[in-house]
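The next block is query-v7.tsv, given as TSV, C-alpha atoms.
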chain	number	residue	atom	x	y	z
A	1	MET	CA	109.74	-123.00	-104.39
A	2	GLN	CA	108.81	-126.36	-105.92
A	3	GLU	CA	107.62	-129.76	-104.81
A	4	ARG	CA	111.03	-131.42	-104.71
A	5	LYS	CA	112.72	-133.68	-102.18
A	6	LEU	CA	115.35	-132.10	-99.98
A	7	THR	CA	118.47	-133.32	-98.27
A	8	GLU	CA	118.42	-133.21	-94.44
A	9	ALA	CA	120.72	-130.18	-94.32
A	10	GLU	CA	118.64	-128.36	-96.95
A	11	SER	CA	115.49	-129.05	-94.91
A	12	LEU	CA	116.93	-127.51	-91.77
A	13	ALA	CA	118.27	-124.53	-93.74
A	14	LEU	CA	114.86	-124.03	-95.35
A	15	ILE	CA	113.02	-124.11	-92.00
A	16	THR	CA	115.41	-121.54	-90.52
A	17	GLN	CA	115.23	-119.32	-93.59
A	18	MET	CA	111.42	-119.34	-93.82
A	19	ILE	CA	110.97	-118.57	-90.12
A	20	GLN	CA	113.52	-115.74	-90.31
A	21	ASN	CA	112.04	-114.30	-93.52
A	22	THR	CA	108.53	-114.23	-92.08
A	23	HIS	CA	109.76	-112.64	-88.86
A	24	ARG	CA	111.74	-109.96	-90.74
A	25	ARG	CA	108.87	-109.21	-93.06
A	26	LEU	CA	106.46	-108.79	-90.17
A	27	THR	CA	108.81	-106.58	-88.16
A	28	VAL	CA	109.71	-104.05	-90.87
A	29	ASN	CA	108.89	-100.57	-89.52
A	30	ALA	CA	107.91	-102.04	-86.14
A	31	GLY	CA	109.35	-98.87	-84.59
A	32	LYS	CA	106.69	-96.65	-86.17
A	33	PRO	CA	104.24	-96.67	-83.20
A	34	TYR	CA	107.08	-95.64	-80.87
A	35	LEU	CA	107.99	-92.78	-83.23
A	36	ILE	CA	104.41	-91.56	-83.58
A	37	TRP	CA	103.71	-91.50	-79.83
A	38	GLY	CA	107.23	-90.35	-78.99
A	39	TYR	CA	107.38	-87.35	-81.31
A	40	LEU	CA	103.78	-86.36	-80.60
A	41	THR	CA	104.08	-86.52	-76.81
A	42	ALA	CA	107.54	-84.94	-76.62
A	43	GLY	CA	106.43	-82.18	-79.00
A	44	VAL	CA	103.27	-81.38	-77.05
A	45	ALA	CA	105.12	-81.55	-73.69
A	46	LEU	CA	107.77	-79.10	-74.94
A	47	PHE	CA	105.06	-76.81	-76.30
A	48	GLU	CA	103.26	-76.89	-72.93
A	49	TRP	CA	106.56	-76.10	-71.22
A	50	LEU	CA	106.84	-73.01	-73.44
A	51	VAL	CA	103.25	-72.09	-72.56
A	52	VAL	CA	104.05	-72.21	-68.84
A	53	VAL	CA	107.44	-70.49	-69.10
A	54	ASN	CA	106.10	-67.65	-71.26
A	55	GLY	CA	102.88	-67.33	-69.30
A	56	TRP	CA	100.65	-67.82	-72.32
A	57	SER	CA	96.92	-68.37	-71.94
A	58	PHE	CA	95.76	-71.23	-69.73
A	59	TYR	CA	93.62	-72.47	-72.58
A	60	TRP	CA	96.75	-73.73	-74.36
A	61	MET	CA	96.73	-76.49	-71.70
A	62	PHE	CA	94.01	-78.15	-73.72
A	63	ALA	CA	96.71	-78.89	-76.31
A	64	TRP	CA	97.51	-82.02	-74.21
A	65	TRP	CA	94.41	-83.53	-75.79
A	66	LEU	CA	96.19	-83.38	-79.16
A	67	ILE	CA	98.16	-86.46	-78.08
A	68	PRO	CA	95.22	-88.91	-78.12
A	69	LEU	CA	93.29	-86.94	-80.75
A	70	LEU	CA	96.14	-87.10	-83.27
A	71	GLY	CA	97.87	-90.24	-82.00
A	72	PHE	CA	95.07	-92.76	-82.43
A	73	PRO	CA	94.06	-91.68	-85.98
A	74	LEU	CA	97.73	-91.58	-87.01
A	75	MET	CA	98.19	-95.11	-85.66
A	76	LEU	CA	95.15	-96.32	-87.58
A	77	LEU	CA	96.34	-94.66	-90.77
A	78	THR	CA	99.99	-95.63	-90.73
A	79	CYS	CA	100.44	-98.74	-88.60
A	80	ARG	CA	97.53	-100.83	-89.78
A	81	LYS	CA	98.68	-104.06	-91.35
A	82	ARG	CA	97.65	-104.89	-94.88
A	83	PRO	CA	94.75	-107.39	-94.87
A	84	THR	CA	96.96	-110.08	-96.41
A	85	GLU	CA	99.65	-109.77	-93.73
A	86	PRO	CA	99.25	-112.28	-90.94
A	87	LYS	CA	99.55	-111.57	-87.25
A	88	ASN	CA	101.78	-113.60	-85.03
A	89	TYR	CA	101.38	-114.36	-81.34
A	90	ILE	CA	103.84	-111.64	-80.32
A	91	ASP	CA	101.86	-108.99	-82.26
A	92	ARG	CA	98.72	-110.00	-80.40
A	93	ALA	CA	100.46	-109.94	-77.00
A	94	VAL	CA	102.02	-106.50	-77.64
A	95	GLU	CA	98.66	-105.18	-78.84
A	96	ALA	CA	96.95	-106.50	-75.68
A	97	VAL	CA	99.56	-104.81	-73.46
A	98	TRP	CA	99.05	-101.43	-75.17
A	99	ILE	CA	95.26	-101.70	-75.09
A	100	ALA	CA	95.48	-102.33	-71.33
A	101	CYS	CA	97.86	-99.36	-70.96
A	102	SER	CA	95.55	-97.10	-72.97
A	103	VAL	CA	92.55	-98.09	-70.82
A	104	ALA	CA	94.64	-97.53	-67.67
A	105	MET	CA	94.91	-93.85	-68.68
A	106	ILE	CA	91.23	-93.43	-67.67
A	107	PRO	CA	91.70	-94.29	-63.94
A	108	ALA	CA	95.00	-92.33	-64.03
A	109	PHE	CA	93.06	-89.30	-65.25
A	110	ALA	CA	90.43	-89.86	-62.52
A	111	ILE	CA	93.12	-90.09	-59.81
A	112	ALA	CA	94.80	-86.90	-61.04
A	113	LEU	CA	91.48	-85.10	-61.16
A	114	PHE	CA	90.02	-86.18	-57.81
A	115	TYR	CA	93.23	-86.23	-55.74
A	116	ARG	CA	94.57	-83.07	-57.42
A	117	VAL	CA	97.93	-84.57	-58.29
A	118	SER	CA	99.88	-84.26	-61.54
A	119	ILE	CA	98.92	-86.87	-64.13
A	120	LEU	CA	102.39	-86.94	-65.73
A	121	PRO	CA	104.07	-89.38	-63.27
A	122	LEU	CA	101.04	-91.69	-63.53
A	123	VAL	CA	101.21	-91.62	-67.34
A	124	THR	CA	104.96	-92.25	-67.18
A	125	LEU	CA	104.42	-95.25	-64.92
A	126	ILE	CA	101.81	-96.76	-67.26
A	127	ILE	CA	104.03	-96.14	-70.31
A	128	SER	CA	107.00	-97.68	-68.52
A	129	ILE	CA	105.08	-100.93	-67.97
A	130	GLY	CA	103.90	-101.00	-71.61
A	131	THR	CA	107.36	-100.27	-73.01
A	132	LEU	CA	109.19	-102.67	-70.72
A	133	VAL	CA	106.82	-105.59	-71.44
A	134	SER	CA	106.82	-104.85	-75.21
A	135	GLY	CA	110.61	-104.72	-75.22
A	136	ARG	CA	110.80	-108.14	-73.59
A	137	LEU	CA	108.18	-109.58	-75.96
A	138	ILE	CA	109.77	-108.35	-79.19
A	139	ALA	CA	113.27	-109.02	-77.78
A	140	MET	CA	114.55	-105.51	-78.48
A	141	LYS	CA	116.98	-104.31	-75.85
A	142	ALA	CA	116.58	-100.66	-76.87
A	143	VAL	CA	112.84	-100.79	-76.06
A	144	THR	CA	113.39	-102.69	-72.80
A	145	TRP	CA	115.92	-100.07	-71.71
A	146	GLY	CA	113.46	-97.38	-72.78
A	147	GLY	CA	110.89	-98.94	-70.44
A	148	ALA	CA	113.42	-99.04	-67.61
A	149	LEU	CA	114.19	-95.38	-68.27
A	150	PHE	CA	110.49	-94.51	-68.02
A	151	MET	CA	110.36	-96.33	-64.69
A	152	CYS	CA	113.36	-94.36	-63.41
A	153	GLY	CA	111.66	-91.24	-64.79
A	154	THR	CA	108.57	-91.99	-62.68
A	155	VAL	CA	110.76	-92.06	-59.59
A	156	ALA	CA	112.49	-88.84	-60.72
A	157	MET	CA	109.12	-87.13	-61.18
A	158	ALA	CA	107.89	-88.31	-57.78
A	159	LEU	CA	111.11	-87.03	-56.16
A	160	HIS	CA	110.77	-83.78	-58.08
A	161	GLN	CA	107.25	-83.22	-56.74
A	162	PHE	CA	108.31	-84.20	-53.22
A	163	SER	CA	111.33	-81.88	-53.24
A	164	MET	CA	109.28	-79.02	-54.66
A	165	ARG	CA	106.72	-79.36	-51.90
A	166	HIS	CA	109.29	-79.41	-49.14
A	167	ALA	CA	112.16	-77.26	-50.36
A	168	VAL	CA	110.52	-74.37	-52.12
A	169	VAL	CA	108.72	-71.82	-50.07
A	170	VAL	CA	106.29	-69.95	-52.18
A	171	GLU	CA	103.44	-67.83	-51.06
A	172	ASN	CA	101.30	-68.01	-54.11
A	173	VAL	CA	99.74	-71.39	-54.86
A	174	ASN	CA	99.60	-70.71	-58.59
A	175	GLU	CA	103.28	-69.87	-58.71
A	176	TYR	CA	104.05	-73.04	-56.79
A	177	THR	CA	101.99	-75.11	-59.20
A	178	LEU	CA	103.68	-73.54	-62.20
A	179	PHE	CA	107.13	-74.01	-60.72
A	180	LEU	CA	106.37	-77.67	-60.11
A	181	TYR	CA	104.92	-78.09	-63.55
A	182	LYS	CA	107.81	-76.56	-65.48
A	183	GLY	CA	110.45	-79.09	-64.43
A	184	GLU	CA	108.07	-81.98	-64.68
A	185	MET	CA	107.16	-81.27	-68.30
A	186	LEU	CA	110.79	-81.12	-69.34
A	187	ILE	CA	111.49	-84.47	-67.65
A	188	PHE	CA	108.37	-85.85	-69.37
A	189	ALA	CA	109.51	-84.67	-72.83
A	190	LEU	CA	113.04	-85.94	-72.27
A	191	LEU	CA	111.74	-89.37	-71.25
A	192	PHE	CA	109.73	-89.68	-74.45
A	193	ILE	CA	112.76	-88.65	-76.53
A	194	CYS	CA	115.09	-91.17	-74.85
A	195	GLY	CA	112.54	-93.91	-74.09
A	196	MET	CA	110.48	-93.93	-77.30
A	197	ILE	CA	111.95	-91.87	-80.14
A	198	ILE	CA	115.49	-93.26	-79.94
A	199	PRO	CA	114.38	-96.93	-79.49
A	200	GLY	CA	111.87	-96.43	-82.36
A	201	HIS	CA	114.65	-95.32	-84.72
A	202	ILE	CA	116.90	-98.16	-83.52
A	203	ILE	CA	114.17	-100.77	-84.24
A	204	ASN	CA	113.51	-99.34	-87.71
A	205	ALA	CA	117.21	-99.23	-88.56
A	206	LYS	CA	117.70	-102.84	-87.39
A	207	THR	CA	114.66	-104.25	-89.19
A	208	ARG	CA	115.47	-102.34	-92.41
A	209	LYS	CA	119.04	-103.63	-92.33
A	210	HIS	CA	117.87	-107.24	-92.10
A	211	ALA	CA	114.94	-106.91	-94.54
B	1	MET	CA	118.51	-146.31	-85.35
B	2	LEU	CA	117.61	-143.39	-87.56
B	3	LYS	CA	114.06	-142.08	-87.40
B	4	SER	CA	112.14	-141.99	-90.67
B	5	LEU	CA	111.36	-138.63	-92.18
B	6	ASP	CA	107.70	-137.77	-92.73
B	7	PRO	CA	107.37	-137.88	-96.55
B	8	LEU	CA	104.62	-135.29	-96.47
B	9	LEU	CA	106.91	-132.72	-94.87
B	10	HIS	CA	110.04	-133.76	-96.73
B	11	SER	CA	109.22	-131.62	-99.74
B	12	GLU	CA	110.44	-128.07	-100.29
B	13	LEU	CA	107.12	-126.29	-100.74
B	14	ARG	CA	105.14	-128.13	-98.06
B	15	LEU	CA	107.96	-127.71	-95.56
B	16	GLY	CA	108.21	-124.01	-96.42
B	17	VAL	CA	104.48	-123.54	-95.86
B	18	MET	CA	104.59	-125.39	-92.53
B	19	SER	CA	107.59	-123.30	-91.38
B	20	ILE	CA	105.73	-120.07	-92.16
B	21	LEU	CA	102.51	-121.20	-90.48
B	22	LEU	CA	104.43	-122.22	-87.37
B	23	GLY	CA	105.32	-118.57	-86.66
B	24	VAL	CA	101.96	-116.92	-87.33
B	25	GLU	CA	98.41	-117.38	-86.08
B	26	GLU	CA	97.07	-117.77	-89.60
B	27	ALA	CA	98.13	-116.73	-93.06
B	28	ASP	CA	96.18	-116.16	-96.20
B	29	PHE	CA	96.85	-117.74	-99.57
B	30	VAL	CA	98.29	-114.52	-101.07
B	31	PHE	CA	100.84	-114.17	-98.26
B	32	LEU	CA	101.91	-117.82	-98.57
B	33	ARG	CA	102.30	-117.44	-102.33
B	34	GLN	CA	104.44	-114.31	-101.90
B	35	GLU	CA	106.63	-115.89	-99.24
B	36	THR	CA	107.20	-119.18	-101.04
B	37	GLY	CA	107.25	-117.81	-104.59
B	38	ALA	CA	105.17	-120.81	-105.70
B	39	THR	CA	102.53	-120.74	-108.42
B	40	ALA	CA	98.91	-120.54	-107.28
B	41	GLY	CA	98.10	-123.96	-108.76
B	42	ASN	CA	101.03	-125.75	-107.16
B	43	LEU	CA	100.49	-124.09	-103.78
B	44	SER	CA	96.81	-124.98	-103.87
B	45	VAL	CA	97.62	-128.67	-104.49
B	46	GLN	CA	100.19	-128.76	-101.66
B	47	LEU	CA	97.84	-127.03	-99.22
B	48	ASP	CA	95.22	-129.60	-100.05
B	49	LYS	CA	97.64	-132.42	-99.24
B	50	LEU	CA	98.57	-130.85	-95.91
B	51	GLN	CA	94.92	-130.29	-95.09
B	52	LYS	CA	93.98	-133.91	-95.90
B	53	ALA	CA	96.76	-135.07	-93.55
B	54	GLY	CA	95.28	-132.87	-90.81
B	55	TYR	CA	98.44	-130.75	-90.55
B	56	ILE	CA	96.74	-127.49	-91.45
B	57	ALA	CA	93.19	-126.15	-91.28
B	58	VAL	CA	91.94	-124.22	-94.28
B	59	GLU	CA	89.06	-121.78	-94.05
B	60	LYS	CA	87.53	-120.23	-97.15
B	61	THR	CA	86.00	-116.90	-96.36
B	62	PHE	CA	85.51	-113.38	-97.78
B	63	ARG	CA	87.40	-110.18	-97.11
B	64	GLY	CA	84.91	-107.58	-98.22
B	65	LYS	CA	83.82	-108.92	-101.57
B	66	MET	CA	87.09	-110.73	-102.26
B	67	PRO	CA	87.37	-114.46	-101.57
B	68	CYS	CA	90.10	-115.29	-99.11
B	69	THR	CA	91.69	-118.59	-98.08
B	70	LEU	CA	93.07	-118.66	-94.55
B	71	CYS	CA	95.45	-121.40	-93.41
B	72	ARG	CA	96.62	-122.21	-89.92
B	73	ILE	CA	98.69	-125.01	-88.48
B	74	THR	CA	96.87	-127.59	-86.33
B	75	GLU	CA	98.03	-129.34	-83.14
B	76	GLU	CA	98.64	-132.45	-85.22
B	77	GLY	CA	100.70	-130.36	-87.65
B	78	ILE	CA	102.83	-128.95	-84.82
B	79	ARG	CA	103.47	-132.46	-83.45
B	80	ALA	CA	104.38	-133.75	-86.93
B	81	PHE	CA	106.71	-130.80	-87.47
B	82	GLU	CA	108.44	-131.39	-84.12
B	83	LYS	CA	108.90	-135.08	-84.96
B	84	TYR	CA	110.27	-134.13	-88.37
B	85	VAL	CA	112.84	-131.72	-86.89
B	86	GLU	CA	113.79	-134.35	-84.30
B	87	ALA	CA	114.33	-136.90	-87.08
B	88	LEU	CA	116.37	-134.39	-89.10
B	89	ARG	CA	118.63	-133.84	-86.10
B	90	SER	CA	119.25	-137.55	-85.73
B	91	TYR	CA	120.31	-137.71	-89.40
B	92	ILE	CA	122.62	-134.73	-89.14
B	93	GLU	CA	124.19	-135.85	-85.86
B	94	LYS	CA	124.86	-139.43	-87.07

Whole structure given in structure tokens:
Amino acid sequence: MQERKLTEAESLALITQMIQNTHRRLTVNAGKPYLIWGYLTAGVALFEWLVVVNGWSFYWMFAWWLIPLLGFPLMLLTCRKRPTEPKNYIDRAVEAVWIACSVAMIPAFAIALFYRVSILPLVTLIISIGTLVSGRLIAMKAVTWGGALFMCGTVAMALHQFSMRHAVVVENVNEYTLFLYKGEMLIFALLFICGMIIPGHIINAKTRKHA
Amino acid sequence: MLKSLDPLLHSELRLGVMSILLGVEEADFVFLRQETGATAGNLSVQLDKLQKAGYIAVEKTFRGKMPCTLCRITEEGIRAFEKYVEALRSYIEK
């Protein structure tokens, strides 16, 4: 690019091209965070389902902690922008939404612990808000639909718990809890596959195509 | 009557820089050079012109031990850019 005078049409074309180039460059691999959290959460949820179904040791339940313990370092290692790459206003807004969602996991954990309810529907609800808002901000329909799916999933999980409590007659409390848990974990894993992994791949494919 | 085009913005490199800065919070010199493909010397001169006009703010800082020049568009720059686009439209629609 040089310091030369432009015609009016060239000027408009240049403005459009520069804005589009910058946007494309900044959105390459924007689906990576969705893939990291999606694969990690779906993988752990399916593993926990196997633990419950096969009656393995209760201590395997601590594997849930692998999600934040692996997820945050992986995000820092792979999704950090190079120092020379600028941030735009949408990046900052999306980041703020996910920080708020991450912090909201703390009261969700407290509610689950003190009221003795499953944390999975609460997590799904928080993720649905984060995904839906992010989808609207980055104008990616796949992500917005993913968020809507998470919201429907929250309702499905709530209905699942309600139906389990009222329809199944079980004598043993542990059996009841396990029965409830099994279906819930499968729904949870499925939601992360459809609401995060698939949209993540769609975003990456789209941004790579335009890059 | 046709609006006059801001001569400061009616140049390929300066307009390119302003278009980039419009979409980001701030950008460093290296990023601007990569995006525009301009030489460091030429880009530096054009940034200086935009800064003197009050269209961009330039901050010289350090990233670790490396010097770093950060540029961001100012309110005045946004207004000038909007006027420029408005004027362009009037030329194209005539």

TODO: May I ask which of the residues B:Ser44, B:Ile92, B:Ala80, B:Lys60 is the closest one to chain A, counting only C-alpha atoms?
DONE: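 Of all the options, B:Ile92 lies closest to chain A.
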
Open item on the list: Quick check, in Å to one decimal: how far apart do atom CA of Phe150 of chain A and atom CA of Asn54 of chain A lie?
Closed with: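 Here the two named atoms are 27.4 Å from each other.
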
Open item on the list: Could you work out which residues of chain B fall inside 8 Å of chain A? Count only C-alpha atoms, and format the result as a list in words.
Closed with: His10, Ser11, Glu12, Leu13, Arg14, Leu15, Gly16, Ser19, Ile20, Leu22, Gly23, Val24, Glu25, Glu26, Ala27, Asp28, Val30, Phe31, Glu35, Thr36, Gly37, Ala38, Asn42, Val85, Leu88, Tyr91 and Ile92 of chain B

Same residues, C-alpha atoms, saved as a tab-separated table (two decimals), keeping the file's coordinate frame:
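What follows is the written file again_15.tsv:
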chain	number	residue	atom	x	y	z
B	10	HIS	CA	110.04	-133.76	-96.73
B	11	SER	CA	109.22	-131.62	-99.74
B	12	GLU	CA	110.44	-128.07	-100.29
B	13	LEU	CA	107.12	-126.29	-100.74
B	14	ARG	CA	105.14	-128.13	-98.06
B	15	LEU	CA	107.96	-127.71	-95.56
B	16	GLY	CA	108.21	-124.01	-96.42
B	19	SER	CA	107.59	-123.30	-91.38
B	20	ILE	CA	105.73	-120.07	-92.16
B	22	LEU	CA	104.43	-122.22	-87.37
B	23	GLY	CA	105.32	-118.57	-86.66
B	24	VAL	CA	101.96	-116.92	-87.33
B	25	GLU	CA	98.41	-117.38	-86.08
B	26	GLU	CA	97.07	-117.77	-89.60
B	27	ALA	CA	98.13	-116.73	-93.06
B	28	ASP	CA	96.18	-116.16	-96.20
B	30	VAL	CA	98.29	-114.52	-101.07
B	31	PHE	CA	100.84	-114.17	-98.26
B	35	GLU	CA	106.63	-115.89	-99.24
B	36	THR	CA	107.20	-119.18	-101.04
B	37	GLY	CA	107.25	-117.81	-104.59
B	38	ALA	CA	105.17	-120.81	-105.70
B	42	ASN	CA	101.03	-125.75	-107.16
B	85	VAL	CA	112.84	-131.72	-86.89
B	88	LEU	CA	116.37	-134.39	-89.10
B	91	TYR	CA	120.31	-137.71	-89.40
B	92	ILE	CA	122.62	-134.73	-89.14

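Every protein or nucleic acid residue with an atom no more than 10 Å from Phe81 of chain B, counting all atoms listed in the file and leaving out same-chain residues fewer than 6 positions away, appears here: Asp6, Leu9, Leu15, Met18, Ser19, Leu22, Tyr55, Ile73, Glu75 and Ala87 of chain B.
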
Task: B:Glu76, B:Ile56, B:Arg63, B:Thr69 ranked by distance to Ala40 of chain B, top pick (using only C-alpha atoms) - done: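 Once distances to Ala40 of chain B are computed over only C-alpha atoms, the minimum belongs to B:Thr69.
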
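The two atoms in question, atom CA of Thr124 of chain A and atom CA of Val53 of chain A, are spaced 22.0 Å apart.
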
TODO: Report the distance between atom CA of Ile202 of chain A and atom CA of Pro121 of chain A in Å, rounded to one decimal place.
DONE: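 Separation between atom CA of Ile202 of chain A and atom CA of Pro121 of chain A: 25.5 Å.
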
Open item on the list: Quick one: residues within 12 Å of segment 32-38 of chain A, all atoms listed in the file, excluding same-chain residues fewer than 6 positions away - as a ChimeraX atom specification?
Closed with: /A:44-46,66-80,94-95,98,127,130-131,134-135,142-143,146-147,188-205,207

Preceding selection exported with C-alpha atoms as a PDB file, in the coordinates of the input:
ATOM      1  CA  VAL A  44     103.270 -81.380 -77.050  1.00  0.00           C
ATOM      2  CA  ALA A  45     105.120 -81.550 -73.690  1.00  0.00           C
ATOM      3  CA  LEU A  46     107.770 -79.100 -74.940  1.00  0.00           C
ATOM      4  CA  LEU A  66      96.190 -83.380 -79.160  1.00  0.00           C
ATOM      5  CA  ILE A  67      98.160 -86.460 -78.080  1.00  0.00           C
ATOM      6  CA  PRO A  68      95.220 -88.910 -78.120  1.00  0.00           C
ATOM      7  CA  LEU A  69      93.290 -86.940 -80.750  1.00  0.00           C
ATOM      8  CA  LEU A  70      96.140 -87.100 -83.270  1.00  0.00           C
ATOM      9  CA  GLY A  71      97.870 -90.240 -82.000  1.00  0.00           C
ATOM     10  CA  PHE A  72      95.070 -92.760 -82.430  1.00  0.00           C
ATOM     11  CA  PRO A  73      94.060 -91.680 -85.980  1.00  0.00           C
ATOM     12  CA  LEU A  74      97.730 -91.580 -87.010  1.00  0.00           C
ATOM     13  CA  MET A  75      98.190 -95.110 -85.660  1.00  0.00           C
ATOM     14  CA  LEU A  76      95.150 -96.320 -87.580  1.00  0.00           C
ATOM     15  CA  LEU A  77      96.340 -94.660 -90.770  1.00  0.00           C
ATOM     16  CA  THR A  78      99.990 -95.630 -90.730  1.00  0.00           C
ATOM     17  CA  CYS A  79     100.440 -98.740 -88.600  1.00  0.00           C
ATOM     18  CA  ARG A  80      97.530-100.830 -89.780  1.00  0.00           C
ATOM     19  CA  VAL A  94     102.020-106.500 -77.640  1.00  0.00           C
ATOM     20  CA  GLU A  95      98.660-105.180 -78.840  1.00  0.00           C
ATOM     21  CA  TRP A  98      99.050-101.430 -75.170  1.00  0.00           C
ATOM     22  CA  ILE A 127     104.030 -96.140 -70.310  1.00  0.00           C
ATOM     23  CA  GLY A 130     103.900-101.000 -71.610  1.00  0.00           C
ATOM     24  CA  THR A 131     107.360-100.270 -73.010  1.00  0.00           C
ATOM     25  CA  SER A 134     106.820-104.850 -75.210  1.00  0.00           C
ATOM     26  CA  GLY A 135     110.610-104.720 -75.220  1.00  0.00           C
ATOM     27  CA  ALA A 142     116.580-100.660 -76.870  1.00  0.00           C
ATOM     28  CA  VAL A 143     112.840-100.790 -76.060  1.00  0.00           C
ATOM     29  CA  GLY A 146     113.460 -97.380 -72.780  1.00  0.00           C
ATOM     30  CA  GLY A 147     110.890 -98.940 -70.440  1.00  0.00           C
ATOM     31  CA  PHE A 188     108.370 -85.850 -69.370  1.00  0.00           C
ATOM     32  CA  ALA A 189     109.510 -84.670 -72.830  1.00  0.00           C
ATOM     33  CA  LEU A 190     113.040 -85.940 -72.270  1.00  0.00           C
ATOM     34  CA  LEU A 191     111.740 -89.370 -71.250  1.00  0.00           C
ATOM     35  CA  PHE A 192     109.730 -89.680 -74.450  1.00  0.00           C
ATOM     36  CA  ILE A 193     112.760 -88.650 -76.530  1.00  0.00           C
ATOM     37  CA  CYS A 194     115.090 -91.170 -74.850  1.00  0.00           C
ATOM     38  CA  GLY A 195     112.540 -93.910 -74.090  1.00  0.00           C
ATOM     39  CA  MET A 196     110.480 -93.930 -77.300  1.00  0.00           C
ATOM     40  CA  ILE A 197     111.950 -91.870 -80.140  1.00  0.00           C
ATOM     41  CA  ILE A 198     115.490 -93.260 -79.940  1.00  0.00           C
ATOM     42  CA  PRO A 199     114.380 -96.930 -79.490  1.00  0.00           C
ATOM     43  CA  GLY A 200     111.870 -96.430 -82.360  1.00  0.00           C
ATOM     44  CA  HIS A 201     114.650 -95.320 -84.720  1.00  0.00           C
ATOM     45  CA  ILE A 202     116.900 -98.160 -83.520  1.00  0.00           C
ATOM     46  CA  ILE A 203     114.170-100.770 -84.240  1.00  0.00           C
ATOM     47  CA  ASN A 204     113.510 -99.340 -87.710  1.00  0.00           C
ATOM     48  CA  ALA A 205     117.210 -99.230 -88.560  1.00  0.00           C
ATOM     49  CA  THR A 207     114.660-104.250 -89.190  1.00  0.00           C
TER      50      THR A 207
END

Open item on the list: Report as a ChimeraX atom specification all protein, DNA and RNA residues lying within 12 Å of Met185 of chain A, evaluated on all atoms listed in the file, omitting residues in the same chain fewer than 5 positions from it.
Closed with: /A:41-53,61,64,118-121,123-124,153,156-157,160-161,178-180,190-192

TODO: Would you please work out which residue, of B:Phe29, B:Tyr84, B:Leu5, B:Thr74, is nearest to Lys52 of chain B when using all atoms listed in the file?
DONE: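 When distances to Lys52 of chain B are compared using all atoms listed in the file, the smallest one comes from B:Thr74.
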